[in-house]
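Read the structure below first, then the notes.
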Amino acid sequence: MTDEAIKKGPEHTRRNFLTATTALAGAAVVGLPAMADARKRNPKRGGTVRFGTRDDSVGLDTHRNFIYFVSHPLSGLVGGLLDFDAEMNVVPGIASEWDSSKDLKTWTFKLRRGAEFHNGETVDANAVKWNLERIKDPKIGHSFTRSALSDLERVTVDDKYTVRCHLKDPSAAFDSNVIYYPVNLMAPGAVDKADTAPVGCGPFKFKSWKRFDTCELVRFENFWETDKEGNTLPYLDGMIGKPKKEDRVRLTALRTGEVDLIDNVAYADAPSFIKDYGKTFDTWPVPQVGTAFVSFNLKSGPFSEKNNPDALMLRTAAAHAIDHQAIHEAIFNNQGQIAKGFYSPSSPWYSKDIVSWPQYDPDKAKAMRKKAKDGDAKILIIANDSYPYMHQSGELVHAMLKDAGFNVVFEIHPTPVIQDKYNKGATPGQWDVDSSANSYRIDPDGWFSRSLLSTAPETRRRHGYKNEKVDQLILAARVERDRAKRRQMYADVDSLINKDLPLLYTHFVPLLQAGTKKVHGYKPAFTGPFQYAGGGLRTTWIDS
């Protein structure tokens, strides 16, 4: 092979910021070691974890629907070309090794032999090709999943276990785009059942699902991964997802024994829960599951330059009206940190060199609003009902803007309605301000290229931001091999975002997961996913 090897599975170090990963990498091909807790004793194979989550997927087809790897129980059944470890480093998955060409436009993946889908089909190169092409189909692939493959031009098969991805443009981050979140693989031979009984290649296989009630998954006996002693994973017989939107309901379910594990304790309850129940339950803090922000509709309405020559002034007035410290205290109960960029200090991609957004100044906000054209226009704030902090932040922002004299209305909607409003955002009146968030991205390209690059489908669908300098920086960072230089480029982008204000970063979203003492070997990944290489529910077992 004449291509310059940028990395091969076990030797993957490009985004290995944490030296602890080096020890893990050498064992990647034959199966990653279990968590330290599991190595202290022989895991008791068997048992079923009942998992209370904040959210659930809209449907079962894992290509058509967004499957969130922190809070959707269905995430337990998915697998991808590549995987990630506890520190969110990219490691082998279905592909045991991979490399890129010198020009970063061709990526070659060598698949592990013996990997199967849940129905017994072999996960071979043709199956991978079929999956990537199905996801790219705009009539099928969810926009978020499809955005991960926006640069993929075509897929070719060298042999049964070798697949090549040919890109339209160079990318040093393509490997991070083909982990199981969001690019998961399903069995081609079971596509007719995708909406009723999905067949993936993850650690658990599908048994039943009733939205926001129960999702039952059972152990996949032929899952490819093993622990360091060679025992097949996962240890559990299965998991039962019990989605519960209401924080208190979810916590009560844990305390009363209805569930064994929950993906978050409400921010208001977390300090007292640790103090009062620390000896009864285990807790796992997650420093940054995502980043919260307030975005502005730049496609229509008073915040859009298309309709208002003073749109930037009006967005700046709104930014001055928003008190970040109040959000930190009232919504997050002093947990986590205020965000000035996409990555928190706990991330290897964090930068101190970001120029901040406009500081809280209610008097300046009032003066700028009065001066700006359409300062009295009706402003519609929307928020998703999936996560309390989103609509609670939206409610607080509503009050802050109202105090600054904005004519604001606030609405909370379920995900399908919010998505429809995004799609119709070019029509005035659909939405003006959105209280939202985005999950953590292993590689910054997954945020900047998908959500801020002007040509990205998600950028066009949501806020419609366009800045040539931002585009140039994002595209240059995609082909830059030096991490420090890439980090600075992304810091420069965030500085421009804080000036142009297509969105206003507000807070890094923390979590506190909790479980009963009978749950052993469990620990979420750095940003909250409950199943990953060498850990999570793959290495969990239950004491009866």
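By convention here, the chains of the structure tokens are called A, B, ... in the order presented, each chain's residues are numbered starting at 1, and ligands are numbered starting at 1 in the order presented.
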To test your reading of the structure, identify every residue in stretch 232-472 of chain A that backbone DSSP assigns to strand (DSSP E), and report it as a PDB file with C-alpha atoms, in the first residue's frame.
ATOM      1  CA  GLY A 238     -29.469  -7.502  29.244  1.00  0.00           C
ATOM      2  CA  MET A 239     -30.612  -3.981  29.976  1.00  0.00           C
ATOM      3  CA  ILE A 240     -34.082  -2.542  30.336  1.00  0.00           C
ATOM      4  CA  GLY A 241     -34.356   1.137  29.516  1.00  0.00           C
ATOM      5  CA  LEU A 261     -29.067   3.176  37.327  1.00  0.00           C
ATOM      6  CA  ILE A 262     -30.035   6.665  36.170  1.00  0.00           C
ATOM      7  CA  PHE A 281     -25.772   4.762  46.059  1.00  0.00           C
ATOM      8  CA  ASP A 282     -22.716   5.229  43.870  1.00  0.00           C
ATOM      9  CA  THR A 283     -22.389   8.417  41.830  1.00  0.00           C
ATOM     10  CA  TRP A 284     -20.342   9.267  38.742  1.00  0.00           C
ATOM     11  CA  PRO A 285     -19.872  12.952  37.856  1.00  0.00           C
ATOM     12  CA  VAL A 286     -19.684  13.825  34.161  1.00  0.00           C
ATOM     13  CA  PRO A 287     -17.953  17.210  33.680  1.00  0.00           C
ATOM     14  CA  GLN A 288     -19.242  18.001  30.183  1.00  0.00           C
ATOM     15  CA  VAL A 289     -21.930  16.002  28.466  1.00  0.00           C
ATOM     16  CA  GLY A 290     -22.449  18.907  26.106  1.00  0.00           C
ATOM     17  CA  THR A 291     -22.578  22.674  25.704  1.00  0.00           C
ATOM     18  CA  ALA A 292     -25.695  24.795  26.143  1.00  0.00           C
ATOM     19  CA  PHE A 293     -26.311  27.891  24.059  1.00  0.00           C
ATOM     20  CA  VAL A 294     -28.938  30.305  22.808  1.00  0.00           C
ATOM     21  CA  SER A 295     -29.080  30.478  19.014  1.00  0.00           C
ATOM     22  CA  PHE A 296     -30.617  33.178  16.844  1.00  0.00           C
ATOM     23  CA  LYS A 378     -42.261  40.231  18.575  1.00  0.00           C
ATOM     24  CA  ILE A 379     -39.590  37.660  19.501  1.00  0.00           C
ATOM     25  CA  LEU A 380     -40.471  33.968  19.750  1.00  0.00           C
ATOM     26  CA  ILE A 381     -38.213  31.902  22.021  1.00  0.00           C
ATOM     27  CA  ILE A 382     -38.488  28.129  21.692  1.00  0.00           C
ATOM     28  CA  ALA A 383     -37.071  25.242  23.712  1.00  0.00           C
ATOM     29  CA  ASN A 384     -37.131  21.464  23.484  1.00  0.00           C
ATOM     30  CA  ASN A 407     -41.387  41.859  23.218  1.00  0.00           C
ATOM     31  CA  VAL A 408     -40.873  38.154  23.895  1.00  0.00           C
ATOM     32  CA  VAL A 409     -43.014  35.011  23.857  1.00  0.00           C
ATOM     33  CA  PHE A 410     -41.780  31.636  25.096  1.00  0.00           C
ATOM     34  CA  GLU A 411     -42.909  28.203  23.873  1.00  0.00           C
ATOM     35  CA  ILE A 412     -41.845  24.672  24.823  1.00  0.00           C
ATOM     36  CA  HIS A 413     -42.262  21.940  22.194  1.00  0.00           C
ATOM     37  CA  VAL A 433     -34.379  32.437  19.670  1.00  0.00           C
ATOM     38  CA  ASP A 434     -33.716  28.799  20.553  1.00  0.00           C
ATOM     39  CA  SER A 435     -32.593  27.559  23.970  1.00  0.00           C
ATOM     40  CA  SER A 436     -30.658  24.459  22.997  1.00  0.00           C
ATOM     41  CA  ALA A 437     -27.459  22.434  23.448  1.00  0.00           C
ATOM     42  CA  ASN A 438     -25.129  20.150  21.557  1.00  0.00           C
ATOM     43  CA  SER A 439     -23.486  16.976  22.789  1.00  0.00           C
TER      44      SER A 439
END
Identify all residues of stretch 301-371 of chain A in alpha helix (DSSP H) (DSSP on the backbone) and supply them as a ChimeraX atom specification.
-> /A:311-321,324-330,362-371
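Of the listed residues A:Gly80, A:Ser351, A:Thr122, A:Asp260, the one whose atoms come nearest to A:Ser544 is A:Asp260, with distances taken using only C-alpha atoms.
Taking atom CA of A:Asp432 as the reference point, atom CA of A:Asn334 is found at 28.2 Å.
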A:Glu468: which residues within 10 Å, counting only C-alpha atoms, same-chain residues fewer than 3 positions away excluded, as a VMD selection string?
-> chain A and resid 453 to 454 471 to 474
Find the spatial neighbours of stretch 325-327 of chain A, counting only C-alpha atoms, within a cut-off of 8 Å - ignore same-chain residues fewer than 6 positions away - and output them as a ChimeraX atom specification.
-> /A:338,393,396,506-507
